[in-house]
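Student: I have a structure I would like to understand better, so I am pasting it below and will then ask my questions one at a time.
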Amino acid sequence: MKISLEEIARYMRMGTTLPEGELAVRIDELVKEAPIKPKGIWARFDQRFFLCGTIGSEFDLWQRRLSLLSATDALIAQAIGAAAVEQVMDDLEAEVKNSLSKEEKIKHRWSPGYPPHPLSMNAEIISLLDATKKIGVSSTDSMMLTPSKSVVAVCEVIL
Amino acid sequence: MKITFLDGALGTMLQARGLMPGECPEDWNISHPEILQSIHGEYYDAGSNIVSANTFGANSLKYHGKHSLKEVICAGVKIARGAAEKGQGRLVALDVGPTGRLLKPAGDLDFERAYEAFSESVRYGVEAGVDLILIETMSDTMELKAAVLAAKENSSLPIIATVALDESGKLLTGGSVESVAVLLESMGVDVCGLNCGLGPDKMLPFLKRLSKSTNLKIAVKANAGMPKIVDGKTVFSVGPEEFALYAKELVNAGASYIGGCCGTTPSHIAAVKKALDDTIPSSREETRETVISSGATTQALHPGEGLIIGERINPTGKKKLKEAYLKGDTAYILREAISQIEAGAKILDVNCGVPGIDEASVLDSTISAVQGVCTIPIQIDTADAKALEKALRHVNGKALVNSVNGKQESMDGVFPLVKKYGGTIVALCLDENGIPDSSDGRIEIAKKILAEGKKYGFEEKDFVFDALTLAVSTDSNAAIVTLETVKRLTEELNVNTVLGVSNVSFGLPNRPRLNNAMYTLACKAGLSAAIANPSVISACDDPLAFDVLNGRDKNCERWIAENQQAPSVQTPTGGESNEDDFSFLRLSIKRGIKDDAYSIAEKLSRSFDSMKIIQEGIVPALEDVGSGFETGKVFLPQLLMSADAAGAAFDAVKKAMASNPNGEQKRKGKPIVIATVKGDIHDIGKNIVRALLENYGFDVIDLGRDVAPEKIVETAKKTNAMMVGLSALMTTTVGAMAETIRLLRKENLPCKICVGGAVVTQEYADEIGAHFYAKDAMRAVRFAETLIDEGL
């Protein structure tokens with residue numbers, strides 16, 4: 001899976017500045033080491049597509065481990081994970097677009113938890129997609145997704 | 001023995017008859033009993049010996065339908081019973097599927113909550129009259145364990161347990177086929193196997209691996225190929241005839257219970273039945289390996305390999321670890337775990353025997369935390385029966401249990417627990433009369449333990465025998481007896497062995513050298529595993545040490561003469577350092593080059609006082625980077641790289657101080673307790689704050705993530721903390737932050753409360769009564785510094 005350095009830098013709060021030197025070297029090493037198991041699922045319900053993607057729970061263990069040893073590594077890992085799961089979602093969205101008929105288009109992808117869409121939608125969408133059984137994504141009591149690098153999203157069809 | 005036929009998909013059949021996505025299938029037990037009875041009937045008629053009731057999602061954590069759980073389970077079982085009664089020899093299984101939630105430490109669900117949910121369903125199923133329990137589609141060994149335990153403790157019915165693999169042959173949570181097999185066999189289920197996830201072709205190689213790693217009977221329920229979306233509908237690619245061909249291969253590979261999962265229909269089962277009706281399950285080679293496991297991997301033990309069981313998480317004689325346990329500083333313990341794995345440990349011993357702590361609860365939480373960051377198997381090390389039971393119940397995988405001995409009381413205490421929860425037993429060759437001074441005596445005790453164990457159904461492979469190491473300084477024959485016992489246990493009793501080698505050198509100089517020699521000789525004698533410090537122990541060729549161990553150095557005289565002169569620590573090499581090195585140190589920290597920072601600080605500490613190095617080398621560099629961050633010139637990753645480099649420099653200085661008798665590094669002020677609040681499992685922000693605080697010289701106690709308010713308050717009180725730092729990422733967990741602050745305030749503790757996290761704002765911090773809102777990690781450090789200035 002290709003993860004862009006620009007995206008990693010953005011998730012490390014570096015804006016558009018690209019990492020150099022030691023930092024760039026370390027990012028490269030960690031990208032190679034990261035246990036990323038991309039999995040995704042989507043389904044159409046009338047005029048809405050529901051999408052769910054994850055990079056798996058092994059990544060979480062790896063990131064927890066790094067965070068005990070080096071804060072830099074933990075930050076880089078977190079950014080790699082965020083960029084990777086976004087990539088999974090982009091790939092899913094591309095599949096969704098491919099499934100559309102000629103006259104259909106989709107609006108930009110959004111996720112529950114960003115107003116006005118309540119976080120509680122996550123659990124409903126996971127259930128509709130059977131995402132826990134199929135790709136191992138579930139929602140906690142406090143409505144967080146596990147594995148932590150997972151995303152639930154919605155694309156609406158416009159004619 | 002014949003093949004037992006299971007049923008095919010139920011969900012697929014229900015969807016074909018109108019079940020909508022998102023609708024609770026179990027509600028159909030009440031609303032459409034006739035449809036269910038007809039599907040069950042079709043499966044029985046197709047040849048299924050066992051049909052599963054429509055209860056897959058019927059547990060209190062998952063089921064949110066229109067009826068009570070008891071109603072849907074009892075109705076579901078009753079419907080299946082109705083179909084079963086129309087023929088001979090038809091059995092009904094309670095279908096137990098996952099909760100849909102991820103258990104700790106990967107998720108937030110408590111093991112006991114999952115166990116309770118499964119138990120409730122099993123009780124209803126038993127009451128309604130099922131014949132067996134079928135646990136299926138599990139994708140996490142922790143949850144699988146909770147379900148099996150619930151079935152065992154709430155019924156005496158046979159248990160079939162199967163898991164779902166992905167294309168790489170792993171569970172969604174990362175576990176291997178072998179880790180599943182080892183866990184299920186040790187927990188004593190009747191049949192283990194695979195279902196869902198894959199078509200029969202893709203399942204075949206993994207089934208072969210499963211078959212090799214267990215002596216249990218094997219069940220398989222494959223999908224009818226991989227699902228495809230055709231015209232908006234899910235279609236499965238493998239038809240009945242093709243499915244039956246594969247089924248034959250699955251039986252050849254070791255399966256003796258066969259059915260189908262998603263996409264299979266009564267026609268699939270009928271075809272399988274037709275193809276296999278006269279087939280006799282193929283015979284499989286029995287496995288006699290001693291294997292333990294974690295949730296993710298397995299570890300086999302073999303004579304002569306001497307694999308290392310890391311001994312560093314044992315507070316005996318380790319002041320810092322003892323303190324970490326008393327303070328609840330989990331991060332310190334976890335770093336010990338990780339460094340041992342990096343040094344080559346294959347199993348981790350976990351012992352928390354510190355006087356005055358609640359061993360049962362600390363051992364339990366420590367193992368859970370260790371398993372949250374490490375995937376190698378665990379050795380549970382305790383003499384406390386309550387602590388052992390709790391740890392065995394909650395450990396992920398099949399653990400080593402340290403230990404049982406030949407005393408009747410010990411065997412009566414340990415064996416039933418291992419029988420119930422699974423495990424491999426470390427058995428010490430001692431009994432009521434102490435440690436025999438001959439190998440004959442120790443072998444006798446080993447035989448006694450084995451004989452007693454067999455009454456519980458344990459075999460040789462369920463044990464690892466500790467031949468016991470005693471000090472050669474008090475008895476020159478000690479090592480000879482130990483080595484002889486290892487050899488005889490290996491050759492005569494055909495069992496695996498373990499030793500804690502370091503006892504051998506007790507009372508003598510240069511202990512590591514002698515320990516390595518003991519390790520080397522023991523491996524030659526057949527030692528399977530050594531409990532040791534992996535960063536120190538290694539095989540060696542050391543004639544003098546071998547002489548000592550073989551009793552050829554009277555009173556260890558030659559050893560003492562040679563080794564008393566030996567320097568205890570290597571004298572540092574390299575030239576004197578000068579003032580220039582301070583600027584190099586600062587530069588390496590600013591650039592975030594860890595290795596350079598360490599080596600320059602090490603060099604400096606040979607010539608300069610440690611306070612000078614900290615004040616003139618480390619702190620100014622951190623200050624520069626910190627203010628650069630505050631003015632936007634430096635980004636977060638660079639700030640952290642510098643903090644990590646400063647940390648490395650601190651370590652070098654600390655090391656130098658440790659060899660200096662006056663040296664105990666002074667931390668700034670009283671401790672700071674930090675935690676991510678209850679319900680919140682994201683802790684990257686908190687970890688960044690911890691790293692910065694530590695590298696600015698503060699004494700940080702990190703309680704981890706998802707921490708209950710009571711624990712935070714208790715720790716702040718106990719350690720007399722000057723500051724409590726709380727982090728929350730989500731709107732759904734900031735409530736727990738408010739609750740924690742309320743409790744802290746109620747207790748009237750003198751500490752200051754600092755909060756931060758993605759959704760926290762200044763307004764919210766004010767509203768919930770925090771003293772300070774840290775917009776970023778640097779500000780938390782600044783706040784802590786003001787507390788020092790105020791003299792807190």
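Identifiers in the structure tokens: chain A, B, ... in order shown; residue index from 1 per chain; ligand index from 1 in order shown.
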Could you pull the residues within 6 Å of Thr424 (chain B), counting only C-alpha atoms, minus those fewer than 4 positions along the same chain, as an MDAnalysis selection string?
Tutor: chainID B and resid 400:401 462:463
Student: Find the residues in chain A near chain B: any atom within 8 Å counts, using only C-alpha atoms. Write them as a PyMOL selection string.
Tutor: chain A and resi 12-14+22-23+44+56-58+60-62+64-65+67-72+74-76+78+127-129+132-136+138-144+146-148
Student: With N, CA and C atoms retained, write the just-selected residues as a CSV table (one decimal), in the first residue's frame.
Tutor:
```
chain,number,residue,atom,x,y,z
A,12,MET,N,1.2,14.9,11.0
A,12,MET,CA,2.2,15.2,12.1
A,12,MET,C,2.1,16.7,12.4
A,13,ARG,N,1.1,17.4,11.9
A,13,ARG,CA,1.0,18.8,12.1
A,13,ARG,C,2.1,19.6,11.6
A,14,MET,N,2.7,19.2,10.4
A,14,MET,CA,3.7,20.0,9.8
A,14,MET,C,3.2,20.8,8.7
A,22,GLU,N,17.0,13.2,9.4
A,22,GLU,CA,16.8,12.1,10.3
A,22,GLU,C,15.3,11.7,10.4
A,23,LEU,N,14.4,12.8,10.4
A,23,LEU,CA,13.0,12.5,10.5
A,23,LEU,C,12.5,11.8,9.3
A,44,ARG,N,-24.6,-0.2,-0.7
A,44,ARG,CA,-25.5,0.9,-1.1
A,44,ARG,C,-26.8,0.6,-0.5
A,56,GLY,N,-6.5,-2.5,10.7
A,56,GLY,CA,-6.4,-3.7,11.6
A,56,GLY,C,-5.9,-3.4,13.0
A,57,SER,N,-6.0,-4.4,13.9
A,57,SER,CA,-5.7,-4.2,15.3
A,57,SER,C,-4.2,-4.4,15.6
A,58,GLU,N,-3.5,-5.1,14.7
A,58,GLU,CA,-2.1,-5.3,15.0
A,58,GLU,C,-1.3,-3.9,15.0
A,60,ASP,N,-2.4,-1.2,16.2
A,60,ASP,CA,-2.6,-0.5,17.5
A,60,ASP,C,-1.6,-1.0,18.5
A,61,LEU,N,-1.4,-2.3,18.5
A,61,LEU,CA,-0.4,-2.9,19.4
A,61,LEU,C,1.0,-2.4,19.1
A,62,TRP,N,1.3,-2.3,17.8
A,62,TRP,CA,2.6,-1.8,17.4
A,62,TRP,C,2.8,-0.3,17.8
A,64,ARG,N,1.2,1.2,20.3
A,64,ARG,CA,1.3,1.3,21.8
A,64,ARG,C,2.7,1.0,22.2
A,65,ARG,N,3.3,0.0,21.5
A,65,ARG,CA,4.6,-0.4,21.9
A,65,ARG,C,5.6,0.8,21.6
A,67,SER,N,5.0,3.8,21.5
A,67,SER,CA,4.8,5.0,22.3
A,67,SER,C,5.5,4.9,23.7
A,68,LEU,N,5.8,3.7,24.1
A,68,LEU,CA,6.5,3.5,25.3
A,68,LEU,C,8.0,3.8,25.2
A,69,LEU,N,8.5,3.7,23.9
A,69,LEU,CA,9.9,3.8,23.7
A,69,LEU,C,10.3,5.1,23.2
A,70,SER,N,9.5,5.7,22.3
A,70,SER,CA,9.9,7.0,21.7
A,70,SER,C,8.7,7.7,21.3
A,71,ALA,N,8.5,9.0,21.8
A,71,ALA,CA,7.4,9.8,21.5
A,71,ALA,C,7.4,10.1,20.0
A,72,THR,N,8.6,10.3,19.5
A,72,THR,CA,8.7,10.7,18.0
A,72,THR,C,8.1,9.5,17.2
A,74,ALA,N,6.1,7.3,18.1
A,74,ALA,CA,4.6,7.2,18.3
A,74,ALA,C,3.9,8.2,17.4
A,75,LEU,N,4.4,9.4,17.4
A,75,LEU,CA,3.8,10.4,16.6
A,75,LEU,C,3.8,10.1,15.1
A,76,ILE,N,5.0,9.6,14.7
A,76,ILE,CA,5.1,9.2,13.3
A,76,ILE,C,4.1,8.0,13.0
A,78,GLN,N,1.4,7.2,14.5
A,78,GLN,CA,0.0,7.7,14.5
A,78,GLN,C,-0.3,8.4,13.1
A,127,SER,N,-23.4,-2.0,12.0
A,127,SER,CA,-24.3,-3.1,12.1
A,127,SER,C,-24.9,-3.3,10.7
A,128,LEU,N,-25.3,-2.3,10.0
A,128,LEU,CA,-25.8,-2.5,8.6
A,128,LEU,C,-24.8,-3.2,7.7
A,129,LEU,N,-23.6,-2.8,7.8
A,129,LEU,CA,-22.5,-3.4,6.9
A,129,LEU,C,-22.0,-4.7,7.5
A,132,THR,N,-18.3,-5.7,11.8
A,132,THR,CA,-17.6,-6.4,12.9
A,132,THR,C,-17.1,-7.7,12.5
A,133,LYS,N,-18.1,-8.5,11.9
A,133,LYS,CA,-17.8,-9.8,11.4
A,133,LYS,C,-16.9,-9.8,10.2
A,134,LYS,N,-17.1,-8.9,9.3
A,134,LYS,CA,-16.4,-9.0,8.0
A,134,LYS,C,-15.0,-8.4,8.1
A,135,ILE,N,-14.9,-7.2,8.8
A,135,ILE,CA,-13.5,-6.6,8.8
A,135,ILE,C,-13.0,-6.3,10.2
A,136,GLY,N,-13.8,-6.7,11.2
A,136,GLY,CA,-13.3,-6.6,12.6
A,136,GLY,C,-13.4,-5.2,13.2
A,138,SER,N,-15.4,-2.5,15.3
A,138,SER,CA,-16.6,-2.3,16.2
A,138,SER,C,-16.5,-1.0,17.0
A,139,SER,N,-17.6,-0.7,17.7
A,139,SER,CA,-17.7,0.6,18.4
A,139,SER,C,-17.7,0.3,19.9
A,140,THR,N,-17.0,1.2,20.6
A,140,THR,CA,-16.9,0.9,22.1
A,140,THR,C,-18.1,1.6,22.8
A,141,ASP,N,-18.2,1.4,24.1
A,141,ASP,CA,-19.2,2.1,24.9
A,141,ASP,C,-19.2,3.6,24.7
A,142,SER,N,-18.0,4.1,24.6
A,142,SER,CA,-17.9,5.6,24.4
A,142,SER,C,-17.9,6.0,22.9
A,143,MET,N,-18.3,5.0,22.1
A,143,MET,CA,-18.5,5.3,20.6
A,143,MET,C,-17.2,5.5,19.9
A,144,MET,N,-16.1,5.0,20.4
A,144,MET,CA,-14.9,5.1,19.6
A,144,MET,C,-14.8,3.8,18.8
A,146,THR,N,-12.9,0.6,17.2
A,146,THR,CA,-11.7,-0.2,17.4
A,146,THR,C,-11.7,-1.1,16.1
A,147,PRO,N,-10.5,-1.4,15.6
A,147,PRO,CA,-9.2,-0.9,15.8
A,147,PRO,C,-9.2,0.7,15.7
A,148,SER,N,-8.3,1.3,16.4
A,148,SER,CA,-8.4,2.8,16.4
A,148,SER,C,-8.2,3.4,15.1
```
Student: Between CA of Ala652 (chain B) and CA of Phe584 (chain B), what distance in Å does the model show, to one decimal?
Tutor: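 Pair CA of Ala652 (chain B) / CA of Phe584 (chain B) returns 15.0 Å.
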Student: Would you return as a ChimeraX atom specification the members of region 491-529 of chain B that DSSP assigns to strand (DSSP E) on this structure's backbone?
Tutor: /B:496-499,529
Student: Go ahead and compute the interatomic distance for CA of Leu245 (chain B) and CA of Leu134 (chain B), in Å to one decimal.
Tutor: 24.9 Å
Student: Enumerate the residues of region 94-159 of chain A with a DSSP assignment of helix (DSSP H, G or I), computed from the backbone, and present them as a list in words.
Tutor: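 In region 94-159 of chain A, DSSP puts these residues in helix (DSSP H, G or I): Ala94, Glu95, Val96, Lys97, Asn98, Met121, Asn122, Ala123, Glu124, Ile125, Ile126, Ser127, Leu128, Leu129, Ala131, Thr132, Lys133, Lys134 and Ile135 of chain A.
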Student: Report as a short mmCIF file (atom, residue, chain, number, x, y, z; two decimals) with C-alpha atoms, in the first residue's frame all protein, DNA and RNA residues lying within 9 Å of region 344-361 of chain B, evaluated on only C-alpha atoms, omitting residues in the same chain fewer than 3 positions from it.
Tutor:
```
data_model
loop_
_atom_site.label_atom_id
_atom_site.label_comp_id
_atom_site.auth_asym_id
_atom_site.auth_seq_id
_atom_site.Cartn_x
_atom_site.Cartn_y
_atom_site.Cartn_z
CA GLN B 299 5.98 -21.16 21.24
CA LEU B 307 15.10 -20.65 24.99
CA ILE B 308 14.99 -17.66 27.29
CA ILE B 309 12.10 -16.86 29.60
CA GLY B 310 12.71 -13.20 30.47
CA GLU B 311 13.01 -12.83 34.25
CA ARG B 312 13.16 -9.05 34.56
CA ILE B 313 9.50 -8.49 35.52
CA ASN B 314 10.08 -9.90 38.97
CA PRO B 315 10.53 -7.39 41.77
CA THR B 316 12.74 -9.64 43.92
CA LYS B 322 9.22 -2.65 43.21
CA TYR B 325 4.53 -1.65 41.16
CA LEU B 326 3.83 0.35 44.29
CA ALA B 337 8.92 -6.23 28.81
CA SER B 339 13.54 -4.53 26.11
CA GLN B 340 13.62 -8.21 27.05
CA ILE B 341 11.88 -9.18 23.82
CA ASP B 364 -4.04 -9.41 36.46
CA SER B 365 -3.71 -5.82 35.28
CA THR B 366 0.02 -6.15 34.64
CA ILE B 367 -0.45 -9.17 32.40
CA VAL B 370 1.95 -6.46 28.90
CA ILE B 376 4.96 -13.42 23.04
CA PRO B 377 3.49 -15.90 25.56
CA ILE B 378 3.44 -15.24 29.30
CA GLN B 379 4.69 -17.20 32.31
CA ILE B 380 2.43 -16.47 35.27
CA ASP B 381 4.69 -16.44 38.33
CA THR B 382 2.93 -16.41 41.69
CA ALA B 383 2.53 -18.43 44.86
CA ASP B 384 -0.85 -16.86 45.60
CA ALA B 385 -3.73 -19.11 44.55
CA LYS B 386 -6.18 -16.24 44.11
CA ALA B 387 -3.73 -14.31 41.97
CA LEU B 388 -3.03 -17.42 39.88
CA GLU B 389 -6.71 -18.06 39.24
CA LYS B 390 -7.45 -14.50 38.20
CA ALA B 391 -4.40 -14.35 35.94
CA LEU B 400 3.16 -21.25 31.52
CA ASN B 402 5.03 -21.08 37.61
CA ILE B 531 14.55 -18.26 33.26
CA ALA B 532 17.16 -15.55 32.86
CA ASN B 533 17.96 -12.00 31.87
CA PRO B 534 18.06 -12.20 28.06
CA SER B 535 20.43 -9.28 27.68
#
```
Student: List the neighbours of Lys419 (chain B) out to 12 Å using only C-alpha atoms; skip same-chain residues closer than 6 positions along the sequence, and give me the result as a ChimeraX atom specification.
Tutor: /B:149,152,185-189,389,392-393,398,401,411-413,425,453-459,462
Student: One number please: CA of Ser282 (chain B) to CA of Phe243 (chain B), in Å, one decimal.
Tutor: 18.9 Å
Student: Residues at most 12 Å from Glu112 (chain B), counting only C-alpha atoms, excluding those fewer than 6 positions away in the same chain, as an MDAnalysis selection string?
Tutor: chainID B and resid 103:104 118:119 142:143 145:147 149:150 390 393:394
